[in-house]
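The data block below is coords.txt; it holds compact mmCIF, C-alpha atoms.
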# COMPACT_ATOMS: atom_id res chain seq x y z
CA MET A 1 0.00 0.00 0.00
CA ARG A 2 1.42 3.40 -0.98
CA ARG A 3 1.29 6.31 1.47
CA ILE A 4 0.81 9.59 -0.38
CA LEU A 5 0.87 13.15 1.00
CA ILE A 6 -1.77 15.15 -0.88
CA ALA A 7 -3.76 18.35 -0.49
CA GLU A 8 -7.36 18.30 0.70
CA GLY A 9 -8.86 19.02 -2.74
CA ASP A 10 -6.80 16.31 -4.41
CA ALA A 11 -7.61 13.90 -1.58
CA VAL A 12 -11.36 14.31 -2.15
CA ARG A 13 -10.97 13.70 -5.89
CA ARG A 14 -8.86 10.58 -5.30
CA TRP A 15 -11.36 9.32 -2.73
CA GLU A 16 -14.17 9.71 -5.27
CA ASP A 17 -12.10 7.88 -7.88
CA MET A 18 -11.40 5.00 -5.48
CA HIS A 19 -15.10 4.70 -4.68
CA HIS A 20 -15.89 4.42 -8.38
CA ARG A 21 -13.30 1.63 -8.64
CA LYS A 22 -14.77 -0.14 -5.58
CA LYS A 23 -11.59 0.42 -3.57
CA LEU A 24 -11.44 1.32 0.13
CA PRO A 25 -9.76 4.70 0.82
CA ILE A 26 -7.76 4.89 4.05
CA ILE A 27 -6.55 8.27 5.30
CA VAL A 28 -3.65 8.12 7.75
CA GLY A 29 -2.17 11.10 9.55
CA GLY A 30 -2.58 14.78 8.82
CA THR A 31 -4.15 17.33 11.15
CA ASN A 32 -7.67 16.76 12.39
CA TYR A 33 -8.72 19.89 10.49
CA TYR A 34 -7.46 18.20 7.32
CA ILE A 35 -9.36 15.00 8.15
CA GLU A 36 -12.52 16.96 8.95
CA SER A 37 -12.36 18.90 5.68
CA ILE A 38 -12.27 15.61 3.78
CA LEU A 39 -15.07 13.94 5.73
CA TRP A 40 -17.41 16.95 5.87
CA LYS A 41 -18.12 19.88 3.58
CA VAL A 42 -16.72 22.52 5.93
CA LEU A 43 -14.59 24.64 3.57
CA ILE A 44 -15.83 27.58 1.53
CA ASP A 45 -15.02 27.39 -2.18
CA THR A 46 -14.31 30.93 -3.35
CA GLY A 47 -13.08 29.93 -6.78
CA GLN A 48 -9.59 31.04 -5.68
CA GLY A 49 -8.64 27.87 -3.80
CA SER A 50 -9.80 26.40 -0.50
CA ASP A 51 -9.29 27.72 3.01
CA THR A 52 -6.27 25.50 3.44
CA GLU A 53 -4.34 26.69 0.41
CA PRO A 54 -1.82 29.53 0.73
CA GLU A 55 -3.15 32.91 -0.23
CA LYS A 56 -2.16 34.31 -3.60
CA GLY A 57 -1.83 37.82 -4.95
CA VAL A 58 0.02 40.83 -3.62
CA GLY A 59 -0.70 43.93 -1.56
CA ALA A 60 -4.02 44.50 0.12
CA ASP A 61 -5.73 41.95 -2.14
CA SER A 62 -3.98 39.06 -0.41
CA ARG A 63 -4.77 37.81 3.07
CA ALA A 64 -1.27 38.69 4.25
CA GLY A 65 -1.66 42.18 2.82
CA LEU A 66 -5.00 42.61 4.56
CA GLU A 67 -3.62 41.50 7.91
CA LYS A 68 -1.02 44.27 7.79
CA LEU A 69 -3.86 46.78 8.09
CA GLY A 70 -4.36 45.71 11.71
CA GLY A 71 -7.33 44.37 13.64
CA PRO A 72 -9.34 47.58 14.25
CA GLU A 73 -9.24 48.71 10.61
CA LEU A 74 -10.01 45.21 9.33
CA HIS A 75 -12.91 44.90 11.75
CA ARG A 76 -14.30 48.27 10.62
CA ARG A 77 -14.17 47.14 6.97
CA LEU A 78 -15.80 43.80 7.76
CA LYS A 79 -18.66 45.52 9.65
CA GLU A 80 -19.43 47.48 6.47
CA VAL A 81 -19.76 44.42 4.19
CA ASP A 82 -20.62 41.59 6.61
CA PRO A 83 -21.89 42.86 9.99
CA ASP A 84 -23.07 39.37 11.01
CA MET A 85 -19.55 37.95 10.65
CA ALA A 86 -17.99 40.98 12.34
CA ALA A 87 -20.24 40.43 15.36
CA ILE A 88 -18.85 36.94 16.03
CA LEU A 89 -15.15 37.65 15.38
CA HIS A 90 -12.89 39.27 17.96
CA PRO A 91 -11.72 42.73 16.81
CA HIS A 92 -8.09 41.67 17.29
CA ASP A 93 -8.37 38.37 15.39
CA SER A 94 -6.77 39.81 12.25
CA ARG A 95 -6.31 36.45 10.57
CA LYS A 96 -9.96 35.36 10.66
CA ILE A 97 -11.24 38.84 9.84
CA ALA A 98 -8.88 39.01 6.84
CA ARG A 99 -10.14 35.60 5.71
CA SER A 100 -13.77 36.78 5.82
CA LEU A 101 -12.89 39.92 3.89
CA GLN A 102 -11.02 37.85 1.32
CA VAL A 103 -14.04 35.58 0.86
CA TYR A 104 -16.23 38.63 0.24
CA MET A 105 -13.69 40.14 -2.18
CA ASP A 106 -13.42 36.86 -4.13
CA THR A 107 -17.13 36.05 -4.28
CA GLY A 108 -19.05 39.28 -3.71
CA VAL A 109 -21.09 37.36 -1.10
CA PRO A 110 -20.75 37.87 2.69
CA HIS A 111 -18.86 35.05 4.38
CA SER A 112 -21.64 34.65 6.94
CA ARG A 113 -24.22 34.01 4.19
CA LEU A 114 -22.04 31.35 2.53
CA LEU A 115 -21.59 29.59 5.87
CA GLU A 116 -25.34 29.76 6.55
CA GLU A 117 -26.09 28.20 3.16
CA GLN A 118 -23.52 25.46 3.76
CA ARG A 119 -24.90 24.61 7.19
CA GLY A 120 -28.44 24.67 5.86
CA GLN A 121 -27.80 21.75 3.50
CA ASP A 122 -29.45 18.41 4.27
CA GLY A 123 -27.23 16.76 6.88
CA GLY A 124 -25.45 20.00 7.80
CA ASP A 125 -25.03 21.36 11.31
CA CYS A 126 -23.65 24.38 13.16
CA LEU A 127 -20.08 23.29 12.34
CA GLY A 128 -20.51 23.01 8.58
CA GLY A 129 -22.09 21.06 5.75
CA PRO A 130 -22.98 17.35 5.48
CA LEU A 131 -20.70 14.34 5.11
CA ARG A 132 -19.11 13.97 1.68
CA PHE A 133 -19.31 10.16 1.61
CA GLN A 134 -21.57 7.54 3.14
CA ASP A 135 -20.66 5.30 6.07
CA PRO A 136 -17.07 6.33 6.92
CA CYS A 137 -15.58 5.26 10.24
CA ILE A 138 -12.86 6.85 12.37
CA PHE A 139 -10.12 5.06 14.32
CA TRP A 140 -8.79 7.24 17.13
CA LEU A 141 -5.34 6.14 18.25
CA ASN A 142 -4.87 7.42 21.78
CA GLY A 143 -3.06 6.50 24.97
CA LYS A 144 -2.14 7.61 28.48
CA THR A 145 -1.03 11.23 28.52
CA ASN A 146 2.21 10.68 30.43
CA VAL A 147 3.27 7.93 28.01
CA LEU A 148 2.45 10.06 24.97
CA ASP A 149 4.36 13.02 26.47
CA GLU A 150 7.44 10.87 26.98
CA ARG A 151 7.13 9.52 23.43
CA LEU A 152 6.86 13.03 21.99
CA ASP A 153 9.92 14.21 23.95
CA LYS A 154 11.92 11.26 22.61
CA ARG A 155 10.81 12.10 19.08
CA VAL A 156 12.18 15.64 19.50
CA ASP A 157 15.46 14.18 20.82
CA GLN A 158 15.61 11.92 17.76
CA MET A 159 15.06 14.90 15.45
CA LEU A 160 17.94 16.70 17.17
CA SER A 161 20.23 13.69 16.75
CA LEU A 162 19.39 13.62 13.03
CA GLY A 163 20.56 17.22 12.53
CA LEU A 164 17.58 19.47 13.32
CA ILE A 165 19.74 22.38 14.53
CA ASP A 166 21.88 22.42 11.37
CA GLU A 167 18.73 22.26 9.25
CA LEU A 168 17.23 25.22 11.13
CA LYS A 169 20.42 27.27 10.72
CA ASP A 170 20.49 26.60 6.98
CA PHE A 171 16.82 27.48 6.56
CA HIS A 172 17.28 30.65 8.62
CA LEU A 173 20.21 31.85 6.50
CA ARG A 174 18.48 31.13 3.19
CA PHE A 175 14.93 32.31 3.87
CA ASN A 176 14.51 33.99 7.26
CA GLU A 177 17.47 36.28 7.98
CA LYS A 178 16.67 38.79 5.23
CA MET A 179 13.02 39.02 6.27
CA ILE A 180 14.01 39.79 9.87
CA LYS A 181 16.42 42.53 8.75
CA GLU A 182 13.63 44.05 6.63
CA SER A 183 11.17 43.73 9.56
CA SER A 184 8.86 41.73 7.30
CA GLN A 185 8.95 38.44 9.19
CA ASN A 186 5.64 36.99 10.34
CA TYR A 187 5.64 33.65 12.10
CA GLN A 188 1.90 33.28 11.47
CA HIS A 189 2.15 32.45 7.75
CA GLY A 190 3.24 29.53 5.62
CA ILE A 191 6.14 27.32 6.62
CA PHE A 192 7.24 29.84 9.26
CA GLN A 193 4.28 28.99 11.52
CA SER A 194 5.30 25.33 11.66
CA ILE A 195 6.19 23.88 15.04
CA GLY A 196 9.96 23.55 15.31
CA PHE A 197 11.19 26.81 13.78
CA LYS A 198 9.87 29.89 15.56
CA GLU A 199 10.72 28.27 18.92
CA PHE A 200 14.41 28.81 18.05
CA HIS A 201 14.03 32.46 17.01
CA GLU A 202 16.21 33.81 19.86
CA TYR A 203 18.91 31.21 19.23
CA LEU A 204 19.02 31.79 15.47
CA THR A 205 19.01 35.59 15.67
CA THR A 206 21.37 36.08 18.60
CA SER A 207 24.50 38.18 18.21
CA GLU A 208 27.74 36.49 17.22
CA ASN A 209 29.45 38.24 20.14
CA ILE A 210 27.76 36.31 22.95
CA SER A 211 29.54 33.50 24.76
CA GLN A 212 29.14 29.85 23.85
CA GLU A 213 27.54 29.28 27.25
CA GLU A 214 24.81 31.86 26.51
CA ARG A 215 24.34 30.41 23.05
CA ASP A 216 23.87 26.93 24.49
CA LYS A 217 21.32 28.28 26.97
CA LEU A 218 19.28 29.77 24.12
CA MET A 219 19.48 26.50 22.19
CA ASN A 220 18.31 24.49 25.22
CA LYS A 221 15.54 27.04 25.76
CA GLY A 222 14.40 26.45 22.17
CA ILE A 223 14.52 22.67 22.63
CA GLU A 224 12.40 22.82 25.78
CA SER A 225 9.96 25.20 24.09
CA LEU A 226 9.68 22.81 21.13
CA LYS A 227 8.86 19.92 23.45
CA GLN A 228 6.26 21.96 25.33
CA VAL A 229 4.56 23.18 22.14
CA THR A 230 4.54 19.65 20.70
CA ARG A 231 2.88 18.23 23.82
CA ARG A 232 0.37 21.09 23.81
CA TYR A 233 -0.44 20.46 20.16
CA ALA A 234 -1.09 16.76 20.86
CA ARG A 235 -3.60 17.75 23.55
CA LYS A 236 -5.21 20.18 21.14
CA GLN A 237 -5.62 17.40 18.58
CA ASN A 238 -7.34 15.19 21.16
CA LYS A 239 -9.59 18.08 22.15
CA TRP A 240 -10.49 18.54 18.47
CA VAL A 241 -11.59 14.89 18.22
CA ARG A 242 -13.84 15.30 21.26
CA ASN A 243 -15.36 18.62 20.24
CA ARG A 244 -15.61 18.24 16.46
CA PHE A 245 -16.23 14.52 16.12
CA LEU A 246 -17.71 13.10 19.35
CA LYS A 247 -19.75 16.19 20.23
CA ARG A 248 -20.77 17.09 16.69
CA PRO A 249 -24.50 17.98 16.88
CA ALA A 250 -25.74 15.97 13.91
CA SER A 251 -27.18 12.55 13.19
CA ASN A 252 -24.66 11.70 10.46
CA VAL A 253 -21.56 11.50 12.66
CA PRO A 254 -19.36 8.49 11.79
CA PRO A 255 -18.63 6.00 14.58
CA VAL A 256 -15.33 6.71 16.36
CA TYR A 257 -13.50 3.60 17.61
CA GLY A 258 -10.79 4.08 20.21
CA LEU A 259 -7.56 2.09 19.90
CA ASP A 260 -5.08 2.11 22.78
CA VAL A 261 -1.49 2.86 21.69
CA THR A 262 -0.05 3.23 25.20
CA ASP A 263 2.00 0.04 24.81
CA VAL A 264 3.16 -0.23 21.18
CA THR A 265 4.83 -3.58 21.87
CA ASN A 266 1.28 -5.02 21.83
CA TRP A 267 0.42 -3.28 18.54
CA GLU A 268 -1.11 -6.32 16.85
CA THR A 269 -3.25 -7.20 19.89
CA THR A 270 -4.47 -3.74 20.89
CA VAL A 271 -4.51 -1.90 17.53
CA LEU A 272 -4.13 -3.88 14.30
CA THR A 273 -6.33 -6.92 15.01
CA PRO A 274 -9.25 -4.93 16.55
CA ALA A 275 -9.13 -2.41 13.69
CA LEU A 276 -9.23 -5.11 11.02
CA GLU A 277 -12.11 -6.90 12.78
CA ILE A 278 -14.13 -3.69 13.04
CA LEU A 279 -13.47 -2.82 9.41
CA ASP A 280 -14.38 -6.32 8.22
CA CYS A 281 -17.72 -6.25 10.08
CA LEU A 282 -18.62 -2.79 8.79
CA GLN A 283 -17.87 -3.81 5.20
CA LYS A 284 -20.13 -6.84 5.61
CA GLY A 285 -22.89 -4.71 7.14
CA GLU A 286 -22.49 -6.45 10.50
CA GLN A 287 -22.23 -4.98 13.98
CA PRO A 288 -18.66 -5.18 15.38
CA SER A 289 -18.19 -6.66 18.84
CA ALA A 290 -16.21 -3.56 19.78
CA GLN A 291 -18.36 -0.55 20.60
CA PRO A 292 -17.63 2.94 19.27
CA ILE A 293 -16.86 5.67 21.77
CA LYS A 294 -20.11 7.00 23.17
CA ALA A 295 -20.93 10.41 21.75
CA GLU A 296 -20.76 13.04 24.44
CA GLY A 297 -23.70 15.39 24.91
CA VAL A 298 -23.52 18.72 23.16
CA GLU A 299 -23.09 21.54 25.64
CA SER A 300 -25.68 24.27 25.43
CA ARG A 301 -23.28 27.14 24.86
CA ASN A 302 -22.70 29.58 22.09
CA LYS A 303 -19.11 29.58 20.81
CA ARG A 304 -19.65 32.88 18.97
CA SER A 305 -21.57 34.91 21.55
CA HIS A 306 -20.30 38.46 22.06
CA HIS A 307 -19.49 39.74 25.56
CA MET A 308 -18.03 43.06 26.69
CA CYS A 309 -16.26 43.26 30.05
CA ASP A 310 -16.42 46.93 31.05
CA LEU A 311 -14.19 46.34 34.07
CA CYS A 312 -11.31 44.89 32.04
CA GLU A 313 -12.19 46.78 28.83
CA LYS A 314 -12.09 43.53 26.86
CA VAL A 315 -14.22 41.89 24.19
CA ILE A 316 -14.81 38.18 24.85
CA ILE A 317 -16.16 35.82 22.17
CA GLY A 318 -17.90 32.60 23.29
CA ASP A 319 -19.85 31.54 26.40
CA LEU A 320 -17.09 29.21 27.62
CA GLU A 321 -14.47 31.93 27.18
CA TRP A 322 -16.71 34.42 29.00
CA THR A 323 -17.13 32.04 31.95
CA ALA A 324 -13.35 31.49 32.07
CA HIS A 325 -12.71 35.24 31.91
CA GLN A 326 -15.04 35.90 34.84
CA LYS A 327 -12.97 33.46 36.92
CA SER A 328 -9.60 34.79 35.76
CA LYS A 329 -7.17 36.48 38.19
CA ASN A 330 -7.17 39.75 36.26
CA HIS A 331 -10.98 40.02 36.21
CA LEU A 332 -11.32 39.14 39.91
CA TYR A 333 -8.66 41.74 40.70
CA GLN A 334 -10.69 44.37 38.82
CA VAL A 335 -13.83 43.28 40.69
CA ARG A 336 -12.08 43.71 44.06
CA LYS A 337 -10.66 47.05 42.95
CA LYS A 338 -14.12 48.30 41.98
CA ARG A 339 -15.63 47.03 45.23
CA LYS A 340 -12.97 48.84 47.29
CA ALA A 341 -13.54 52.03 45.32
CA GLU A 342 -17.31 51.79 45.91
CA GLN A 343 -16.76 51.15 49.62
CA ALA A 344 -14.41 54.13 49.84
CA THR A 345 -17.00 56.30 48.08
CA ASP A 346 -19.70 55.14 50.51
CA LEU A 347 -17.45 56.01 53.46
CA ASP A 348 -16.75 59.45 52.01
CA ILE A 349 -20.49 60.06 51.59
CA LYS A 350 -21.20 58.91 55.15
CA HIS A 351 -18.37 61.04 56.50
CA ALA A 352 -19.58 64.09 54.60
CA LYS A 353 -23.14 63.53 55.84
CA HIS A 354 -21.93 63.13 59.42
CA GLN A 355 -19.84 66.28 59.15
CA ASN A 356 -22.82 68.16 57.73
CA ASP A 357 -25.04 66.99 60.62
CA CYS A 358 -22.40 68.08 63.14
CA ASP A 359 -22.12 71.50 61.53
CA LYS A 360 -25.89 71.93 61.86
CA GLN A 361 -25.75 71.17 65.60
CA VAL A 362 -23.10 73.84 66.37
CA PRO A 363 -24.93 76.93 67.84
CA ALA A 364 -24.39 80.21 66.08
CA LEU A 365 -22.60 82.92 68.14

This entry written out as structure tokens:
Amino acid sequence: MRRILIAEGDAVRRWEDMHHRKKLPIIVGGTNYYIESILWKVLIDTGQGSDTEPEKGVGADSRAGLEKLGGPELHRRLKEVDPDMAAILHPHDSRKIARSLQVYMDTGVPHSRLLEEQRGQDGGDCLGGPLRFQDPCIFWLNGKTNVLDERLDKRVDQMLSLGLIDELKDFHLRFNEKMIKESSQNYQHGIFQSIGFKEFHEYLTTSENISQEERDKLMNKGIESLKQVTRRYARKQNKWVRNRFLKRPASNVPPVYGLDVTDVTNWETTVLTPALEILDCLQKGEQPSAQPIKAEGVESRNKRSHHMCDLCEKVIIGDLEWTAHQKSKNHLYQVRKKRKAEQATDLDIKHAKHQNDCDKQVPAL
């Protein structure tokens, strides 16, 4: 079996071709966003390429050019052409605002309307359109967090032993150094946003005059940062499976079967054999002995609700985020500060009233 790395659009076309030839497509790896965009119709086709493709064009007509205008200006422009979308995007989320503006510029239709039409299709839901293909199934390879963390750290160590630092230096000299000197570097675009490069920014850009000891400290700082970000990304991927697959509020959600990869020495027993048995039963139209992971209930919260915290002078998007903000240290500090100010004002008023009463009781001479 060949393993091919292909873009989302090409993957869908190949999947369709395999279906016509009565072959079973198997997608392995890739981000969960990539997997989701193949399983469900969640991307907006603007005629200029999908959401996952790099933006094209120059100047203000490209997404990168738009983002340079800054959040407030972008948000003002979006409110003029798509007020519904502007209401659910944070004013400082330049990337998403620029994307919505780009969709409008490419299609002449507000992004919010295109999303509403997509979600309104038969089988669609609040997260996007319907499934592209009938009866897919998902195998979720997961394990104990501490074991996965250790495995991820070892993978970083292996990358280092295979020459990661030299590769980063070479890439920095050829593509990154000039951009930094011209103050045009942005670690939020293209290959530069990949995990494993921006974490070494300090090390790669440090002065040649510092000591070897300081240089080694910066390198070790980058290594530790890379390990932390990698572990955090793994948790984010697991959270995506729970929120976008298991909690998806629709009736056409594929079954998700959990396979334990904590102990890879038992791969055939805990992963390969169960997966093949499940797949064989599903292809025959039979019920597998293994049960899919039970779908978790959808929480009744709005991920795009708009909240304004007057105390902190912050805009908060989403019910969950609003609840978290109200419990945050900064917000509670502002609450205490306001309460103390109100108490001080009350004392001043009482003191002034008392003083006024005393003045009235003093006999005139």

Contacts of Ile317 in chain A within 8 Å, all atoms listed in the file, excl. fewer than 3 positions in-chain, as a PDB file with C-alpha atoms, keeping the file's coordinate frame:
ATOM      1  CA  ILE A  88     -18.850  36.940  16.030  1.00  0.00           C
ATOM      2  CA  LEU A  89     -15.150  37.650  15.380  1.00  0.00           C
ATOM      3  CA  HIS A  90     -12.890  39.270  17.960  1.00  0.00           C
ATOM      4  CA  LYS A 303     -19.110  29.580  20.810  1.00  0.00           C
ATOM      5  CA  ARG A 304     -19.650  32.880  18.970  1.00  0.00           C
ATOM      6  CA  SER A 305     -21.570  34.910  21.550  1.00  0.00           C
ATOM      7  CA  HIS A 306     -20.300  38.460  22.060  1.00  0.00           C
ATOM      8  CA  HIS A 307     -19.490  39.740  25.560  1.00  0.00           C
ATOM      9  CA  GLU A 321     -14.470  31.930  27.180  1.00  0.00           C
ATOM     10  CA  TRP A 322     -16.710  34.420  29.000  1.00  0.00           C
TER      11      TRP A 322
END

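Checking A:Lys294, A:Arg14, A:Lys284, A:His201 one by one against Gly258 in chain A, counting all atoms listed in the file, you find the shortest gap at A:Lys294.
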
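The spacing separating CA of Thr205 in chain A from CA of Glu177 in chain A amounts to 7.9 Å.
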
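Using all atoms listed in the file, the shortest contact distance between Trp140 in chain A and any of A:Ile293, A:Ile180, A:Leu204, A:Ile278 is found at A:Ile293.
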
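Taking CA of Ala275 in chain A and CA of Leu141 in chain A as endpoints, the distance between them is 10.4 Å.
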
Among A:Lys23, A:Lys227, A:Arg235, A:Arg95, Asn142 in chain A is approached most closely, using only C-alpha atoms, by A:Arg235

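Taking CA of Ile44 in chain A as the reference point, CA of Gly318 in chain A is found at 22.4 Å.
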
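Checking A:Gln158, A:Asn243, A:Asn252, A:Gln188 one by one against Ile223 in chain A, counting all atoms listed in the file, you find the shortest gap at A:Gln158.
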
Go through A:Thr323, A:Ser225, A:Asn238, A:Thr31 and flag the residue nearest Asp153 in chain A, using all atoms listed in the file for the distances. A:Ser225
